[in-house]
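Written below as structure tokens is the structure these notes are about.
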Amino acid sequence: MVKLLAMVMIGLLLAGAAQAKMLISAQEAKMPESPFNERGAFPGPKMLLVSPDVNTAAKSPLRLRIKFETRGAKINLDSLKVTYIKLEPIDLTERVREFAAADGIDFKDAEIPPGTHKIRIEVKDTDGVAGGADFILKVAK
């Protein structure tokens with residue numbers, strides 16, 4: 001019985017580890033940084049980084065949670081764009097799309113290499129007004 005329980009526990013641990021999905025590859029992380037750091041204010045939907053904590057370096061895989069707040073009209077998920085800010089920006093939208101909903105993004109097991117990574121998330125509302133924000137993700141070794 002103990003042996004069976006141990007096998008089930010190991011199976012569950014391995015199944016959890018297998019569910020992590022790559023958000024940023026190690027090769028992408030090594031690409032040159034963008035010299036452009038700021039973007040103007042967006043009048044549309046607001047975005048808040050819920051997880052990971054911006055004050056500490058998270059371990060990968062990590063839970064990436066972004067909350068969308070509307071300013072009237074509903075979120076148009078077809079307009080979602082997620083970009084890894086590098087000298088040559090990398091479109092991460094398709095890697096994130098399955099984790100996006102009208103209230104935000106909940107990517108439970110995002111694989112990200114160690115380092116500091118700048119991500120830009122943009123989305124429009126159903127009135128066509130764009131909103132967006134840049135987030136810094138710190139990942140521990």
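Note on naming: chains are A, B, ... as they come in the structure tokens, residues start from 1 per chain, ligands start from 1 in the order shown.
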In range 1-139 of chain A, DSSP strand (DSSP E) residues written as a PyMOL selection string: chain A and resi 21-22+46-51+62-69+75-84+90-91+100-101+104-111+115-125+130-139
Looking only at helix (DSSP H, G or I) from DSSP on the backbone, list the matching residues of chain A as number ranges by chain. A: 2-18, 26-29, 93-99
Please produce a file of the residues just selected, as a compact mmCIF listing (two decimals), in the first residue's frame, where the atoms kept are N, CA and C atoms.
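The file below, selection-v1.txt, is the result:
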# COMPACT_ATOMS: atom_id res chain seq x y z
N VAL A 2 1.90 1.29 0.83
CA VAL A 2 2.80 2.43 0.91
C VAL A 2 3.51 2.63 -0.43
N LYS A 3 3.92 1.51 -1.03
CA LYS A 3 4.61 1.56 -2.33
C LYS A 3 3.68 2.15 -3.40
N LEU A 4 2.42 1.72 -3.40
CA LEU A 4 1.44 2.24 -4.36
C LEU A 4 1.22 3.73 -4.16
N LEU A 5 1.10 4.15 -2.91
CA LEU A 5 0.91 5.56 -2.60
C LEU A 5 2.11 6.38 -3.07
N ALA A 6 3.32 5.87 -2.85
CA ALA A 6 4.53 6.56 -3.30
C ALA A 6 4.56 6.68 -4.81
N MET A 7 4.15 5.64 -5.52
CA MET A 7 4.13 5.67 -6.99
C MET A 7 3.12 6.70 -7.49
N VAL A 8 1.97 6.77 -6.85
CA VAL A 8 0.95 7.75 -7.23
C VAL A 8 1.47 9.16 -7.00
N MET A 9 2.11 9.40 -5.88
CA MET A 9 2.66 10.73 -5.57
C MET A 9 3.72 11.13 -6.59
N ILE A 10 4.61 10.22 -6.92
CA ILE A 10 5.65 10.51 -7.92
C ILE A 10 5.00 10.81 -9.26
N GLY A 11 3.99 10.05 -9.64
CA GLY A 11 3.27 10.28 -10.89
C GLY A 11 2.64 11.66 -10.93
N LEU A 12 2.03 12.06 -9.83
CA LEU A 12 1.42 13.39 -9.77
C LEU A 12 2.46 14.48 -9.88
N LEU A 13 3.59 14.32 -9.23
CA LEU A 13 4.67 15.32 -9.31
C LEU A 13 5.19 15.43 -10.73
N LEU A 14 5.40 14.30 -11.38
CA LEU A 14 5.90 14.32 -12.76
C LEU A 14 4.86 14.90 -13.70
N ALA A 15 3.60 14.62 -13.48
CA ALA A 15 2.55 15.17 -14.34
C ALA A 15 2.50 16.68 -14.21
N GLY A 16 2.67 17.21 -12.99
CA GLY A 16 2.67 18.65 -12.78
C GLY A 16 3.83 19.31 -13.48
N ALA A 17 5.00 18.70 -13.42
CA ALA A 17 6.18 19.26 -14.06
C ALA A 17 6.04 19.25 -15.57
N ALA A 18 5.36 18.26 -16.10
CA ALA A 18 5.20 18.14 -17.55
C ALA A 18 4.26 19.19 -18.11
N ALA A 26 15.59 30.27 -23.65
CA ALA A 26 16.91 30.74 -23.25
C ALA A 26 17.57 31.52 -24.38
N GLN A 27 17.37 31.08 -25.61
CA GLN A 27 17.94 31.77 -26.77
C GLN A 27 17.35 33.18 -26.92
N GLU A 28 16.04 33.31 -26.72
CA GLU A 28 15.41 34.62 -26.81
C GLU A 28 15.91 35.54 -25.70
N ALA A 29 16.12 34.99 -24.51
CA ALA A 29 16.58 35.79 -23.38
C ALA A 29 17.97 36.37 -23.63
N THR A 93 2.35 36.36 -28.21
CA THR A 93 0.89 36.29 -28.13
C THR A 93 0.36 34.87 -28.21
N GLU A 94 0.80 34.09 -29.19
CA GLU A 94 0.25 32.74 -29.35
C GLU A 94 0.63 31.82 -28.20
N ARG A 95 1.74 32.09 -27.53
CA ARG A 95 2.14 31.28 -26.38
C ARG A 95 1.25 31.57 -25.17
N VAL A 96 0.65 32.75 -25.15
CA VAL A 96 -0.15 33.20 -24.00
C VAL A 96 -1.65 33.08 -24.25
N ARG A 97 -2.06 33.09 -25.50
CA ARG A 97 -3.49 33.18 -25.85
C ARG A 97 -4.37 32.17 -25.11
N GLU A 98 -3.94 30.93 -24.99
CA GLU A 98 -4.78 29.91 -24.34
C GLU A 98 -5.01 30.19 -22.85
N PHE A 99 -4.22 31.07 -22.27
CA PHE A 99 -4.33 31.40 -20.84
C PHE A 99 -5.06 32.73 -20.61
What's the 6 Å shell around Ile85 in chain A, counting only C-alpha atoms, without same-chain residues fewer than 2 positions away, as a list in words?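 So the residues in contact are Thr83, Pro89, Lys118 and Ile119 of chain A.
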Distance table requested - range 10-118 of chain A against range 133-141 of chain A, cut-off 9 Å, only C-alpha atoms: one row per qualifying residue with the closest atom pair and its distance in Å to one decimal, ordered by chain and rising residue number, as JSON lines.
{"residue": "A:Glu38", "atom": "CA", "partner": "A:Asp134", "partner_atom": "CA", "distance": 8.4}
{"residue": "A:Arg39", "atom": "CA", "partner": "A:Asp134", "partner_atom": "CA", "distance": 8.1}
{"residue": "A:Ala41", "atom": "CA", "partner": "A:Ala133", "partner_atom": "CA", "distance": 8.4}
{"residue": "A:Phe42", "atom": "CA", "partner": "A:Ala133", "partner_atom": "CA", "distance": 7.9}
{"residue": "A:Lys46", "atom": "CA", "partner": "A:Ala133", "partner_atom": "CA", "distance": 7.6}
{"residue": "A:Met47", "atom": "CA", "partner": "A:Ala133", "partner_atom": "CA", "distance": 6.2}
{"residue": "A:Leu48", "atom": "CA", "partner": "A:Ala133", "partner_atom": "CA", "distance": 8.1}
{"residue": "A:Leu49", "atom": "CA", "partner": "A:Phe135", "partner_atom": "CA", "distance": 7.3}
{"residue": "A:Pro52", "atom": "CA", "partner": "A:Leu137", "partner_atom": "CA", "distance": 7.5}
{"residue": "A:Asp53", "atom": "CA", "partner": "A:Leu137", "partner_atom": "CA", "distance": 8.6}
{"residue": "A:Val54", "atom": "CA", "partner": "A:Leu137", "partner_atom": "CA", "distance": 6.9}
{"residue": "A:Asn55", "atom": "CA", "partner": "A:Lys138", "partner_atom": "CA", "distance": 8.5}
{"residue": "A:Thr56", "atom": "CA", "partner": "A:Lys138", "partner_atom": "CA", "distance": 7.1}
{"residue": "A:Ala57", "atom": "CA", "partner": "A:Lys138", "partner_atom": "CA", "distance": 4.7}
{"residue": "A:Ala58", "atom": "CA", "partner": "A:Val139", "partner_atom": "CA", "distance": 4.8}
{"residue": "A:Lys59", "atom": "CA", "partner": "A:Ala140", "partner_atom": "CA", "distance": 5.3}
{"residue": "A:Ser60", "atom": "CA", "partner": "A:Val139", "partner_atom": "CA", "distance": 6.7}
{"residue": "A:Leu62", "atom": "CA", "partner": "A:Val139", "partner_atom": "CA", "distance": 8.6}
{"residue": "A:Ile85", "atom": "CA", "partner": "A:Asp134", "partner_atom": "CA", "distance": 8.9}
{"residue": "A:Ile112", "atom": "CA", "partner": "A:Val139", "partner_atom": "CA", "distance": 7.1}
{"residue": "A:Pro113", "atom": "CA", "partner": "A:Val139", "partner_atom": "CA", "distance": 6.8}
{"residue": "A:Pro114", "atom": "CA", "partner": "A:Val139", "partner_atom": "CA", "distance": 4.7}
{"residue": "A:Gly115", "atom": "CA", "partner": "A:Val139", "partner_atom": "CA", "distance": 5.2}
{"residue": "A:Thr116", "atom": "CA", "partner": "A:Lys138", "partner_atom": "CA", "distance": 4.5}
{"residue": "A:His117", "atom": "CA", "partner": "A:Leu137", "partner_atom": "CA", "distance": 5.1}
{"residue": "A:Lys118", "atom": "CA", "partner": "A:Ile136", "partner_atom": "CA", "distance": 4.6}
Would you mind reading off the distance between CA of Asp103 in chain A and CA of Gln19 in chain A, one decimal, in Å? 22.7 Å
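Note that the spacing between CA of Val123 in chain A and CA of Phe68 in chain A amounts to 9.0 Å.
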Of the candidates A:Met22, A:Glu69, A:Ile90, A:Pro61, which shows the shortest atom-to-atom distance to Pro45 in chain A, using only C-alpha atoms?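 Result for the nearest residue to Pro45 in chain A: A:Glu69.
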